[in-house]
>>> print(open('coords36.cif').read())   # mmCIF, C-alpha atoms
data_entry
#
loop_
_atom_site.label_atom_id
_atom_site.label_comp_id
_atom_site.auth_asym_id
_atom_site.auth_seq_id
_atom_site.Cartn_x
_atom_site.Cartn_y
_atom_site.Cartn_z
CA MET X 1 -65.07 -19.92 104.74
CA LEU X 2 -65.84 -20.50 108.42
CA GLU X 3 -62.42 -21.98 109.05
CA ALA X 4 -60.75 -18.98 107.43
CA GLU X 5 -62.89 -16.56 109.42
CA LEU X 6 -62.60 -18.30 112.78
CA GLY X 7 -59.17 -19.84 112.58
CA LEU X 8 -60.68 -23.11 113.81
CA ASN X 9 -61.35 -26.52 112.33
CA VAL X 10 -64.96 -26.83 111.15
CA VAL X 11 -66.96 -30.02 110.58
CA MET X 12 -70.49 -30.02 109.21
CA ASP X 13 -73.23 -32.28 107.88
CA ASN X 14 -76.85 -31.94 106.81
CA ASP X 15 -79.61 -31.51 109.38
CA ALA X 16 -81.17 -34.95 108.96
CA ASN X 17 -77.86 -36.77 109.37
CA VAL X 18 -76.97 -34.94 112.56
CA ALA X 19 -80.50 -35.41 113.94
CA ALA X 20 -80.11 -39.16 113.39
CA LEU X 21 -76.68 -39.05 115.05
CA GLY X 22 -78.14 -37.15 118.00
CA GLU X 23 -80.91 -39.69 118.53
CA PHE X 24 -78.41 -42.52 118.09
CA ARG X 25 -75.97 -41.21 120.67
CA TYR X 26 -78.22 -39.44 123.18
CA GLY X 27 -81.83 -40.30 122.40
CA ALA X 28 -84.01 -43.18 121.26
CA GLY X 29 -81.09 -45.08 119.72
CA ARG X 30 -78.84 -45.20 122.79
CA GLY X 31 -77.03 -48.52 123.08
CA THR X 32 -77.58 -49.60 119.46
CA ARG X 33 -75.26 -49.85 116.46
CA HIS X 34 -77.76 -49.66 113.59
CA LEU X 35 -80.48 -46.99 113.30
CA VAL X 36 -82.78 -45.52 110.69
CA MET X 37 -84.51 -42.20 111.35
CA PHE X 38 -87.43 -40.52 109.59
CA THR X 39 -88.29 -36.88 110.21
CA LEU X 40 -91.85 -35.98 109.20
CA GLY X 41 -92.48 -32.31 108.57
CA THR X 42 -92.65 -29.93 105.62
CA GLY X 43 -90.85 -32.69 103.76
CA ILE X 44 -89.53 -36.06 104.89
CA GLY X 45 -85.88 -36.36 105.77
CA GLY X 46 -83.86 -38.98 107.51
CA GLY X 47 -80.56 -40.44 108.45
CA ILE X 48 -79.04 -43.91 108.66
CA ILE X 49 -76.45 -45.14 111.14
CA ILE X 50 -74.52 -48.30 110.27
CA GLU X 51 -72.10 -49.78 112.82
CA GLY X 52 -72.25 -46.52 114.73
CA GLU X 53 -71.32 -44.32 111.77
CA VAL X 54 -73.46 -42.02 109.65
CA LEU X 55 -74.10 -43.51 106.22
CA ARG X 56 -73.17 -40.82 103.68
CA GLY X 57 -72.63 -42.75 100.45
CA ALA X 58 -70.14 -42.07 97.67
CA THR X 59 -70.82 -38.33 97.40
CA GLY X 60 -72.61 -37.56 100.67
CA GLY X 61 -76.09 -38.04 99.25
CA ALA X 62 -77.15 -41.24 101.01
CA ALA X 63 -80.19 -41.68 103.26
CA GLU X 64 -82.67 -39.53 101.33
CA VAL X 65 -85.48 -41.61 102.79
CA GLY X 66 -88.17 -39.16 101.69
CA HIS X 67 -87.33 -39.88 98.06
CA ILE X 68 -87.87 -43.63 98.04
CA ILE X 69 -90.63 -44.64 95.62
CA ILE X 70 -93.56 -46.37 97.30
CA ALA X 71 -96.44 -45.79 94.84
CA ASP X 72 -95.21 -45.23 91.29
CA GLY X 73 -97.10 -42.43 89.54
CA ALA X 74 -99.02 -41.36 92.65
CA GLY X 75 -99.04 -37.89 94.15
CA SER X 76 -99.99 -34.52 92.75
CA SER X 77 -97.86 -32.73 90.18
CA ALA X 78 -97.21 -30.00 92.74
CA ASN X 79 -95.58 -32.49 95.09
CA GLY X 80 -93.83 -34.70 92.57
CA ALA X 81 -95.81 -37.24 90.57
CA HIS X 82 -93.37 -40.06 91.09
CA GLY X 83 -94.79 -41.78 94.15
CA ARG X 84 -92.07 -40.49 96.43
CA LEU X 85 -92.76 -40.90 100.15
CA GLU X 86 -92.33 -37.15 100.62
CA SER X 87 -94.83 -36.39 97.84
CA LEU X 88 -97.42 -38.53 99.61
CA ALA X 89 -96.80 -37.93 103.32
CA GLY X 90 -95.18 -34.52 103.67
CA ARG X 91 -97.07 -31.54 105.06
CA ASP X 92 -98.54 -30.22 101.80
CA PRO X 93 -99.76 -33.61 100.54
CA ILE X 94 -101.49 -34.21 103.89
CA VAL X 95 -103.31 -30.89 103.62
CA GLU X 96 -104.14 -31.49 99.95
CA ARG X 97 -105.53 -34.97 100.68
CA CYS X 98 -107.75 -33.55 103.40
CA THR X 99 -109.02 -30.57 101.43
CA LEU X 100 -109.90 -32.71 98.41
CA LYS X 101 -112.09 -34.87 100.65
CA MET X 102 -113.71 -31.76 102.11
CA GLU X 103 -114.32 -30.26 98.67
CA SER X 104 -116.11 -33.46 97.66
CA GLY X 105 -118.79 -32.59 100.22
CA ARG X 106 -117.67 -34.74 103.13
CA ASP X 107 -118.84 -33.74 106.58
CA THR X 108 -116.12 -32.92 109.11
CA ILE X 109 -115.64 -30.77 112.18
CA LEU X 110 -112.75 -29.14 110.32
CA TRP X 111 -115.28 -26.86 108.64
CA ARG X 112 -115.53 -24.89 111.86
CA HIS X 113 -112.01 -23.59 111.20
CA ILE X 114 -112.86 -22.35 107.71
CA GLU X 115 -113.82 -18.76 107.01
CA ASP X 116 -113.44 -18.91 103.23
CA SER X 117 -114.17 -22.23 101.52
CA ASP X 118 -112.26 -21.03 98.44
CA ALA X 119 -109.04 -20.97 100.47
CA LEU X 120 -109.19 -24.33 102.24
CA GLN X 121 -105.50 -25.08 101.97
CA GLN X 122 -104.65 -21.81 103.68
CA HIS X 123 -106.66 -22.76 106.77
CA ILE X 124 -106.07 -26.51 107.16
CA THR X 125 -102.86 -27.80 108.79
CA PRO X 126 -101.70 -31.31 109.74
CA LYS X 127 -102.14 -30.37 113.41
CA LEU X 128 -105.75 -29.32 112.86
CA ILE X 129 -106.38 -32.59 111.04
CA ASP X 130 -104.80 -34.62 113.81
CA ASP X 131 -106.68 -32.71 116.51
CA ALA X 132 -109.92 -33.53 114.67
CA ALA X 133 -108.86 -37.18 114.45
CA GLU X 134 -108.34 -37.21 118.21
CA GLU X 135 -111.91 -35.93 118.57
CA GLY X 136 -113.14 -38.87 116.52
CA ASP X 137 -113.76 -37.08 113.23
CA ALA X 138 -114.11 -39.75 110.53
CA LEU X 139 -112.60 -37.74 107.68
CA ALA X 140 -109.59 -36.66 109.74
CA ILE X 141 -108.99 -40.22 110.96
CA GLU X 142 -109.15 -41.45 107.37
CA VAL X 143 -106.57 -38.89 106.24
CA MET X 144 -104.11 -39.67 109.03
CA GLN X 145 -104.52 -43.42 108.51
CA GLU X 146 -103.80 -43.05 104.79
CA ILE X 147 -100.69 -41.00 105.55
CA GLY X 148 -99.66 -43.48 108.23
CA HIS X 149 -99.93 -46.30 105.70
CA TYR X 150 -97.46 -44.55 103.40
CA VAL X 151 -95.08 -43.91 106.29
CA GLY X 152 -95.37 -47.58 107.23
CA LEU X 153 -94.36 -48.59 103.71
CA GLY X 154 -91.34 -46.30 104.00
CA ILE X 155 -90.40 -47.98 107.28
CA THR X 156 -90.77 -51.39 105.66
CA ASN X 157 -88.36 -50.51 102.88
CA MET X 158 -85.72 -49.27 105.29
CA VAL X 159 -86.16 -52.23 107.64
CA ASN X 160 -85.89 -54.76 104.82
CA VAL X 161 -82.79 -53.12 103.32
CA PHE X 162 -80.81 -52.07 106.41
CA ASN X 163 -81.96 -54.45 109.17
CA PRO X 164 -81.74 -51.72 111.86
CA GLU X 165 -82.07 -52.30 115.57
CA VAL X 166 -84.26 -49.23 115.91
CA VAL X 167 -86.35 -47.05 113.60
CA VAL X 168 -86.82 -43.58 115.06
CA ILE X 169 -89.73 -41.43 113.89
CA GLY X 170 -89.37 -37.72 114.57
CA GLY X 171 -90.80 -34.40 113.43
CA LYS X 172 -94.00 -32.70 114.54
CA ILE X 173 -96.26 -34.72 112.24
CA SER X 174 -95.02 -37.95 113.82
CA ARG X 175 -96.76 -36.98 117.07
CA SER X 176 -100.09 -38.06 115.56
CA LYS X 177 -101.24 -41.15 117.44
CA THR X 178 -103.42 -42.22 114.50
CA LEU X 179 -100.58 -41.88 111.99
CA PHE X 180 -98.06 -43.66 114.20
CA ALA X 181 -100.37 -46.57 115.05
CA THR X 182 -101.22 -47.06 111.37
CA ALA X 183 -97.56 -46.92 110.36
CA LEU X 184 -96.81 -49.68 112.87
CA ARG X 185 -99.64 -51.85 111.55
CA THR X 186 -98.50 -51.40 107.97
CA ALA X 187 -94.87 -52.17 108.79
CA LYS X 188 -95.88 -55.31 110.66
CA ALA X 189 -98.01 -56.41 107.72
CA THR X 190 -95.46 -55.74 104.96
CA ALA X 191 -91.90 -56.02 106.32
CA VAL X 192 -89.96 -59.28 106.39
CA GLY X 193 -91.09 -60.69 109.71
CA SER X 194 -87.75 -62.07 110.84
CA ILE X 195 -86.05 -58.71 110.19
CA LEU X 196 -88.77 -56.58 111.73
CA ALA X 197 -88.73 -58.76 114.84
CA SER X 198 -85.32 -57.39 115.76
CA ALA X 199 -86.25 -53.74 115.16
CA LYS X 200 -87.99 -51.35 117.54
CA ILE X 201 -90.08 -48.60 115.95
CA VAL X 202 -90.17 -45.69 118.37
CA HIS X 203 -90.75 -41.97 118.68
CA ALA X 204 -87.74 -39.65 118.72
CA GLU X 205 -86.81 -38.45 122.19
CA LEU X 206 -84.82 -35.26 121.65
CA GLY X 207 -87.26 -33.14 119.66
CA ASP X 208 -85.70 -30.02 118.16
CA ASP X 209 -82.48 -30.67 120.13
CA ALA X 210 -81.61 -33.78 118.10
CA GLY X 211 -79.77 -31.84 115.41
CA ILE X 212 -77.91 -29.68 117.93
CA MET X 213 -76.77 -32.68 119.95
CA GLY X 214 -75.90 -34.64 116.83
CA ALA X 215 -73.78 -31.77 115.53
CA ALA X 216 -71.97 -31.64 118.87
CA GLU X 217 -71.37 -35.40 118.66
CA LEU X 218 -70.02 -34.93 115.13
CA ALA X 219 -67.57 -32.34 116.39
CA TRP X 220 -66.45 -34.53 119.31
CA ARG X 221 -65.87 -37.45 116.95
CA GLU X 222 -63.85 -35.32 114.57
CA ALA X 223 -61.77 -34.00 117.47
CA ASP X 224 -61.11 -37.54 118.68
CA ARG X 225 -59.84 -38.54 115.22
CA LYS X 226 -57.20 -35.80 115.18
#
>>> encode(input="coords36.cif", output="structure tokens")
Amino acid sequence: MLEAELGLNVVMDNDANVAALGEFRYGAGRGTRHLVMFTLGTGIGGGIIIEGEVLRGATGGAAEVGHIIIADGAGSSANGAHGRLESLAGRDPIVERCTLKMESGRDTILWRHIEDSDALQQHITPKLIDDAAEEGDALAIEVMQEIGHYVGLGITNMVNVFNPEVVVIGGKISRSKTLFATALRTAKATAVGSILASAKIVHAELGDDAGIMGAAELAWREADRK
């Protein structure tokens, strides 16, 4: 439809793939040939670069890293009771994990943000939890460490299968120091040591520009092929 409207060639891909391509070409993956990217946000997306090319699979559905199973049967029914990484470490599961601990009577400085205890999940956000963790709040630290452990297991699976040179972790939730440090510890404890030794696990560098720059790279590559 765009080609017909514009009279121009159009190339497109999903947001996670082009974000991975952006980080690969212009960000944290510069100079590598093999990259895995996780984006932690409302859900968990990702992209995989093999020999400098985006891995798309037989029908374009490859690299759904948020849907790998890391804890069979775990997770709430609302977020998918199949142990998917996204159902355990996406935004809503983080909030749910925290509010369940609060509802059990646990003490936390997060209560100071609550006006109505019957609407906890409307007030609590991953950023509030992480801010509390930075202040040393035990409940918040516990939540972010549990989430970080799940993310670390996701990293382990991708490292063991794809042997990347770099694993890039992006998205706003990834900025949590507690989560990131725990994910690193878990990956180091569970991945095949000889494979992990050749992989750097780093923060994304391009932020919200990763997808824009990756889409531009996609267009340049398509133009070069013609």
>>> atom_distance(input="coords36.cif", atom1="atom CA of X:Tyr26", atom2="atom CA of X:Leu218")
12.3 Å
>>> resolve_selection(input="coords36.cif", expression="the PyMOL selection byres ((chain X and resi 126) around 9)", output="list in words")
Arg91, Asp92, Ile94, Val95, Ile124, Thr125, Lys127, Leu128, Ile129, Asp130, Asp131, Met144 and Ile173 of chain X
>>> residues_around(input="coords36.cif", residues="X:Asp137", least_positions_apart="5", cutoff="8 Å", atoms="only C-alpha atoms", output="PyMOL selection string")
chain X and resi 108-109+132
>>> atom_distance(input="coords36.cif", atom1="atom CA of X:Asp15", atom2="atom CA of X:Gly43")
12.6 Å
>>> closest_atom_pairs(input="coords36.cif", of="stretch 112-178 of chain X", to="stretch 58-64 of chain X", cutoff="12 Å", atoms="only C-alpha atoms", output="CSV")
residue,atom,partner,partner_atom,distance
X:Gly154,CA,X:Glu64,CA,11.3
X:Met158,CA,X:Ala63,CA,9.6
X:Val161,CA,X:Ala63,CA,11.7
X:Phe162,CA,X:Ala63,CA,10.9
>>> residues_around(input="coords36.cif", residues="X:Asn160", least_positions_apart="3", cutoff="10 Å", atoms="only C-alpha atoms", output="PyMOL selection string")
chain X and resi 155-157+163-164+190-196
>>> closest_residue(input="coords36.cif", among="X:Met102, X:Leu139, X:Leu153, X:Val166", to="X:Gly83", atoms="all atoms listed in the file")
X:Leu153
>>> closest_residue(input="coords36.cif", among="X:Ala216, X:Leu110, X:Ala223, X:Ala199", to="X:Leu35", atoms="all atoms listed in the file")
X:Ala199
>>> residues_around(input="coords36.cif", residues="X:Ala215", least_positions_apart="5", cutoff="8 Å", atoms="all atoms listed in the file", output="JSON, numbers by chain")
{"X": [12, 13, 18, 19, 21, 22]}
>>> resolve_selection(input="coords36.cif", expression="the PyMOL selection byres ((chain X and resi 33) around 6)", output="list in words")
Thr32, His34, Glu51 and Gly52 of chain X
>>> resolve_selection(input="coords36.cif", expression="the PyMOL selection byres ((chain X and resi 119) around 12)", output="ChimeraX atom specification")
/X:95-96,99-100,102-103,111,113-118,120-124
>>> write_last_selection(input="coords36.cif", atoms="C-alpha atoms", output="mmCIF file, in the coordinates of the input")
data_model
loop_
_atom_site.group_PDB
_atom_site.id
_atom_site.type_symbol
_atom_site.label_atom_id
_atom_site.label_comp_id
_atom_site.auth_asym_id
_atom_site.auth_seq_id
_atom_site.Cartn_x
_atom_site.Cartn_y
_atom_site.Cartn_z
ATOM 1 C CA VAL X 95 -103.310 -30.890 103.620
ATOM 2 C CA GLU X 96 -104.140 -31.490 99.950
ATOM 3 C CA THR X 99 -109.020 -30.570 101.430
ATOM 4 C CA LEU X 100 -109.900 -32.710 98.410
ATOM 5 C CA MET X 102 -113.710 -31.760 102.110
ATOM 6 C CA GLU X 103 -114.320 -30.260 98.670
ATOM 7 C CA TRP X 111 -115.280 -26.860 108.640
ATOM 8 C CA HIS X 113 -112.010 -23.590 111.200
ATOM 9 C CA ILE X 114 -112.860 -22.350 107.710
ATOM 10 C CA GLU X 115 -113.820 -18.760 107.010
ATOM 11 C CA ASP X 116 -113.440 -18.910 103.230
ATOM 12 C CA SER X 117 -114.170 -22.230 101.520
ATOM 13 C CA ASP X 118 -112.260 -21.030 98.440
ATOM 14 C CA LEU X 120 -109.190 -24.330 102.240
ATOM 15 C CA GLN X 121 -105.500 -25.080 101.970
ATOM 16 C CA GLN X 122 -104.650 -21.810 103.680
ATOM 17 C CA HIS X 123 -106.660 -22.760 106.770
ATOM 18 C CA ILE X 124 -106.070 -26.510 107.160
#
>>> atom_distance(input="coords36.cif", atom1="atom CA of X:Ile169", atom2="atom CA of X:Ala140")
20.8 Å
>>> closest_residue(input="coords36.cif", among="X:Arg84, X:Arg97, X:Arg25, X:Lys226", to="X:Gly45", atoms="only C-alpha atoms")
X:Arg84
>>> residues_around(input="coords36.cif", residues="X:Leu206", least_positions_apart="3", cutoff="8 Å", atoms="only C-alpha atoms", output="list in words")
Gly22, Glu23, Tyr26, Gly27, Ala28, Asp209 and Ala210 of chain X
>>> residues_around(input="coords36.cif", residues="X:Ile48", least_positions_apart="6", cutoff="7 Å", atoms="all atoms listed in the file", output="PyMOL selection string")
chain X and resi 20+35-37+54-55+63
>>> build_atoms(input="coords36.cif", residues="stretch 174-192 of chain X", atoms="N, CA and C atoms", output="compact mmCIF listing (two decimals), keeping the file's coordinate frame")
# COMPACT_ATOMS: atom_id res chain seq x y z
N SER X 174 -95.11 -36.60 113.25
CA SER X 174 -95.02 -37.95 113.82
C SER X 174 -95.73 -38.07 115.16
N ARG X 175 -96.09 -36.94 115.77
CA ARG X 175 -96.76 -36.98 117.07
C ARG X 175 -98.21 -37.46 116.96
N SER X 176 -98.73 -37.57 115.76
CA SER X 176 -100.09 -38.06 115.56
C SER X 176 -100.21 -39.51 115.99
N LYS X 177 -101.05 -39.77 116.97
CA LYS X 177 -101.24 -41.15 117.44
C LYS X 177 -101.84 -42.03 116.34
N THR X 178 -102.77 -41.46 115.58
CA THR X 178 -103.42 -42.22 114.50
C THR X 178 -102.41 -42.59 113.43
N LEU X 179 -101.61 -41.63 113.01
CA LEU X 179 -100.58 -41.88 111.99
C LEU X 179 -99.59 -42.93 112.48
N PHE X 180 -99.10 -42.76 113.69
CA PHE X 180 -98.06 -43.66 114.20
C PHE X 180 -98.58 -45.09 114.35
N ALA X 181 -99.80 -45.24 114.87
CA ALA X 181 -100.37 -46.57 115.05
C ALA X 181 -100.58 -47.25 113.70
N THR X 182 -101.02 -46.48 112.70
CA THR X 182 -101.22 -47.06 111.37
C THR X 182 -99.90 -47.45 110.74
N ALA X 183 -98.88 -46.61 110.90
CA ALA X 183 -97.56 -46.92 110.36
C ALA X 183 -97.03 -48.23 110.94
N LEU X 184 -97.23 -48.43 112.24
CA LEU X 184 -96.81 -49.68 112.87
C LEU X 184 -97.54 -50.88 112.29
N ARG X 185 -98.85 -50.74 112.11
CA ARG X 185 -99.64 -51.85 111.55
C ARG X 185 -99.17 -52.19 110.14
N THR X 186 -98.94 -51.16 109.34
CA THR X 186 -98.50 -51.40 107.97
C THR X 186 -97.12 -52.06 107.93
N ALA X 187 -96.21 -51.57 108.76
CA ALA X 187 -94.87 -52.17 108.79
C ALA X 187 -94.93 -53.63 109.21
N LYS X 188 -95.75 -53.93 110.20
CA LYS X 188 -95.88 -55.31 110.66
C LYS X 188 -96.49 -56.21 109.59
N ALA X 189 -97.34 -55.63 108.75
CA ALA X 189 -98.01 -56.41 107.72
C ALA X 189 -97.17 -56.59 106.47
N THR X 190 -96.18 -55.73 106.24
CA THR X 190 -95.46 -55.74 104.96
C THR X 190 -93.97 -56.01 105.06
N ALA X 191 -93.35 -55.79 106.20
CA ALA X 191 -91.90 -56.02 106.32
C ALA X 191 -91.62 -57.52 106.45
N VAL X 192 -90.39 -57.90 106.15
CA VAL X 192 -89.96 -59.28 106.39
C VAL X 192 -90.01 -59.53 107.89
